[in-house]
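Asker: Below is a structure I'd like to ask you about.
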Amino acid sequence: MAVALAPAAGNTLLAAAQPAAPAAAAPAGPYQLAPLPYAADALEPFIDAKTMEIHHGRHHATYVTSLNKAVSDQPDLAKKSPKELIANLASLPEGIRTAVRNHGGGHVNHSLFWSILKRNGGSTPSGPLMELLVKKYGTFDGFKAEFTKASMSVFGSGWAWLSIDKQGETGIETTPNQDSPYMAGRVPLLGLDLWEHAYYLKYQNKRMDYVTAFFQIINWDAVAARLAKPE
Ligand code: MN
């Protein structure tokens, strides 16, 4: 008898139990993981599809889930954008500050990262962005060398950035963990994820090869758009 009744009874119970047990489900919002803006294999061979799938579908997804958890009983904070949250960490309740720093930072950083990637065929920027880099670093290769040096200098997990401050001054910087230039009042224009999860499957410990590959997949138009309207 139990065998005959089990499926129907199980379904009925499950359906009835769902509304009464919201705590069992992962927090659904307010923050969402947007799909990648291209196929997971779009950046092959520079970044392999498997790495992209795990990086976006698991690592980035976990930052979003954990950020949702952090603000789950803070309805006023949950109305703010992730950028607003991480740009004003000091104003947050102390109990969630570290979680928002890590997971809000992770969400914002990865959202930016996907948006500035695209196979570029080894091309270089043009227009005001190129003029800026040449003015500041002598040549595009000068910028590339400085950015690579900064990327190699990050000990452990972190990011390398080209960012712009409120006075319009641009520069290369690095941050540890999931810290962001936004946390220091600057806007990131270009960012490179230097966590091993971003490259270990394909490059293992060869971070230099990963940084070199990165220069083949920068969406310079997206970076130029950020420079034109830093936000
Ligand atoms: Mn990452």
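Identifiers in this document derive from the order of the structure tokens: chains are assigned A, B, ..., residues are numbered from 1 separately in each chain, and ligands are numbered from 1 in order of occurrence.
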Please identify the helix (DSSP H, G or I) residues within region 69-220 of chain A (assignment by DSSP from backbone atoms) and present them as a ChimeraX atom specification.

Answerer: /A:69-70,75-78,82-87,89-91,94-115,127-137,140-153,181-184,196-198,200-203,207-214,220

Asker: Could I get the residues of chain A with an atom no further than 6 Å from an atom of ligand 1, each paired with its nearest atom pair and that distance in Å to one decimal, using only C-alpha atoms and all ligand atoms, sorted by chain and residue number, as a Markdown table?

Answerer:
| residue | atom | partner | partner_atom_place_in_ligand_line | distance |
| --- | --- | --- | --- | --- |
| A:Asp193 | CA | ligand 1 | 1 (Mn) | 5.5 |
| A:Trp195 | CA | ligand 1 | 1 (Mn) | 5.8 |
| A:Ala198 | CA | ligand 1 | 1 (Mn) | 5.3 |

Asker: Mind writing the picked residues with C-alpha atoms as a short mmCIF file (atom, residue, chain, number, x, y, z; two decimals), in the first residue's frame?

Answerer:
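Output (result_38.cif):
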data_model
loop_
_atom_site.label_atom_id
_atom_site.label_comp_id
_atom_site.auth_asym_id
_atom_site.auth_seq_id
_atom_site.Cartn_x
_atom_site.Cartn_y
_atom_site.Cartn_z
CA ASP A 193 40.52 38.38 -12.16
CA TRP A 195 42.09 34.24 -8.52
CA ALA A 198 39.90 32.10 -13.18
#

Asker: Name the closest residue to Asn102 (chain A) among the candidates A:Gly127, A:Pro82, A:Gly122, A:Gly168; distances are taken between atoms, counting only C-alpha atoms.

Answerer: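 Checking each candidate against Asn102 (chain A), we get A:Pro82 as the closest.
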
Asker: Quick one: everything within 8 Å of Leu33 (chain A), counting only C-alpha atoms, minus sequence neighbours fewer than 3 positions away in the same chain. Send it as a PyMOL selection string.

Answerer: chain A and resi 60-61+64

Asker: Keeping only C-alpha atoms, write the selected residues to a file as a compact mmCIF listing (two decimals), in the first residue's frame.

Answerer:
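Output below, filename result-v6.txt:
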# COMPACT_ATOMS: atom_id res chain seq x y z
CA HIS A 60 29.90 34.14 -9.52
CA ALA A 61 26.59 32.47 -8.66
CA VAL A 64 25.22 36.48 -5.69

Asker: Could you pull out the residues in region 142-174 of chain A that DSSP calls strand (DSSP E) from the backbone, as a ChimeraX atom specification?

Answerer: /A:158-164,170-174

Asker: Extract, using only C-alpha atoms, all DNA, RNA and protein residues at most 12 Å from Leu89 (chain A), discarding same-chain residues fewer than 6 positions from it, and format them as an mmCIF file with C-alpha atoms, in the first residue's frame.

Answerer:
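The new file result-v8.cif reads:
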data_model
loop_
_atom_site.group_PDB
_atom_site.id
_atom_site.type_symbol
_atom_site.label_atom_id
_atom_site.label_comp_id
_atom_site.auth_asym_id
_atom_site.auth_seq_id
_atom_site.Cartn_x
_atom_site.Cartn_y
_atom_site.Cartn_z
ATOM 1 C CA LEU A 77 19.796 47.858 1.897
ATOM 2 C CA PRO A 82 25.470 46.198 -5.488
ATOM 3 C CA LYS A 83 27.752 49.084 -6.511
ATOM 4 C CA GLY A 95 27.434 42.446 11.190
ATOM 5 C CA ILE A 96 27.087 42.254 7.411
ATOM 6 C CA ARG A 97 29.939 44.547 6.345
ATOM 7 C CA THR A 98 32.462 41.795 5.659
ATOM 8 C CA ALA A 99 29.930 39.639 3.815
ATOM 9 C CA VAL A 100 28.915 42.544 1.575
ATOM 10 C CA ARG A 101 32.553 43.455 1.003
ATOM 11 C CA ASN A 102 33.410 39.914 -0.111
ATOM 12 C CA GLY A 104 29.022 42.222 -3.084
ATOM 13 C CA GLY A 105 32.553 42.868 -4.304
ATOM 14 C CA ASP A 179 37.918 44.331 -3.066
ATOM 15 C CA SER A 180 37.053 46.829 -5.778
ATOM 16 C CA TYR A 182 34.610 51.371 -6.024
ATOM 17 C CA MET A 183 35.446 50.824 -2.344
ATOM 18 C CA ALA A 184 38.037 53.586 -2.630
ATOM 19 C CA GLY A 185 35.823 55.968 -4.612
#

Asker: Report as a count of residues only all protein, DNA and RNA residues lying within 7 Å of region 36-49 of chain A, evaluated on only C-alpha atoms, omitting residues in the same chain fewer than 2 positions from it.

Answerer: 9

Asker: Between A:Phe214, A:Trp220, A:Trp159, A:Phe140, single out the one closest to Glu196 (chain A), counting only C-alpha atoms.

Answerer: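 Checking each of A:Phe214, A:Trp220, A:Trp159, A:Phe140 against Glu196 (chain A), counting only C-alpha atoms, the winner is A:Trp159.
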
Asker: Compare A:Ala90, A:Ala28, A:Val108, A:Val134 by their minimum atom-to-atom distance to Lys69 (chain A), counting only C-alpha atoms, and give me the closest one.

Answerer: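 When distances to Lys69 (chain A) are compared using only C-alpha atoms, the smallest one comes from A:Ala28.
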
Asker: Residues within 8 Å of Ser151 (chain A), please, as a count of residues only. Count only C-alpha atoms; anything in the same chain fewer than 3 positions from it doesn't count.

Answerer: 9

Asker: For Met130 (chain A), which residue among A:Pro230, A:Ala224, A:Ile164, A:Thr175 is the nearest when counting only C-alpha atoms?

Answerer: A:Ala224

Asker: If I take CA of Ala222 (chain A) and CA of Pro188 (chain A), how far is one from the other in Å, to one decimal?

Answerer: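 So the answer is 11.9 Å.
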
Asker: Which one of A:Thr124, A:Thr170, A:Arg226, A:Tyr200 sits closest to Asp141 (chain A) if you count only C-alpha atoms?

Answerer: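 Answer, going by the shortest atom-to-atom distance: A:Thr124.
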
Asker: Enter the distance from CA of Pro176 (chain A) to CA of Gly156 (chain A), in Å, rounded to one decimal.

Answerer: 7.8 Å

Asker: For CA of Gln32 (chain A) and CA of Lys50 (chain A), determine how far apart the two atoms are, in Å to one decimal place.

Answerer: 21.7 Å
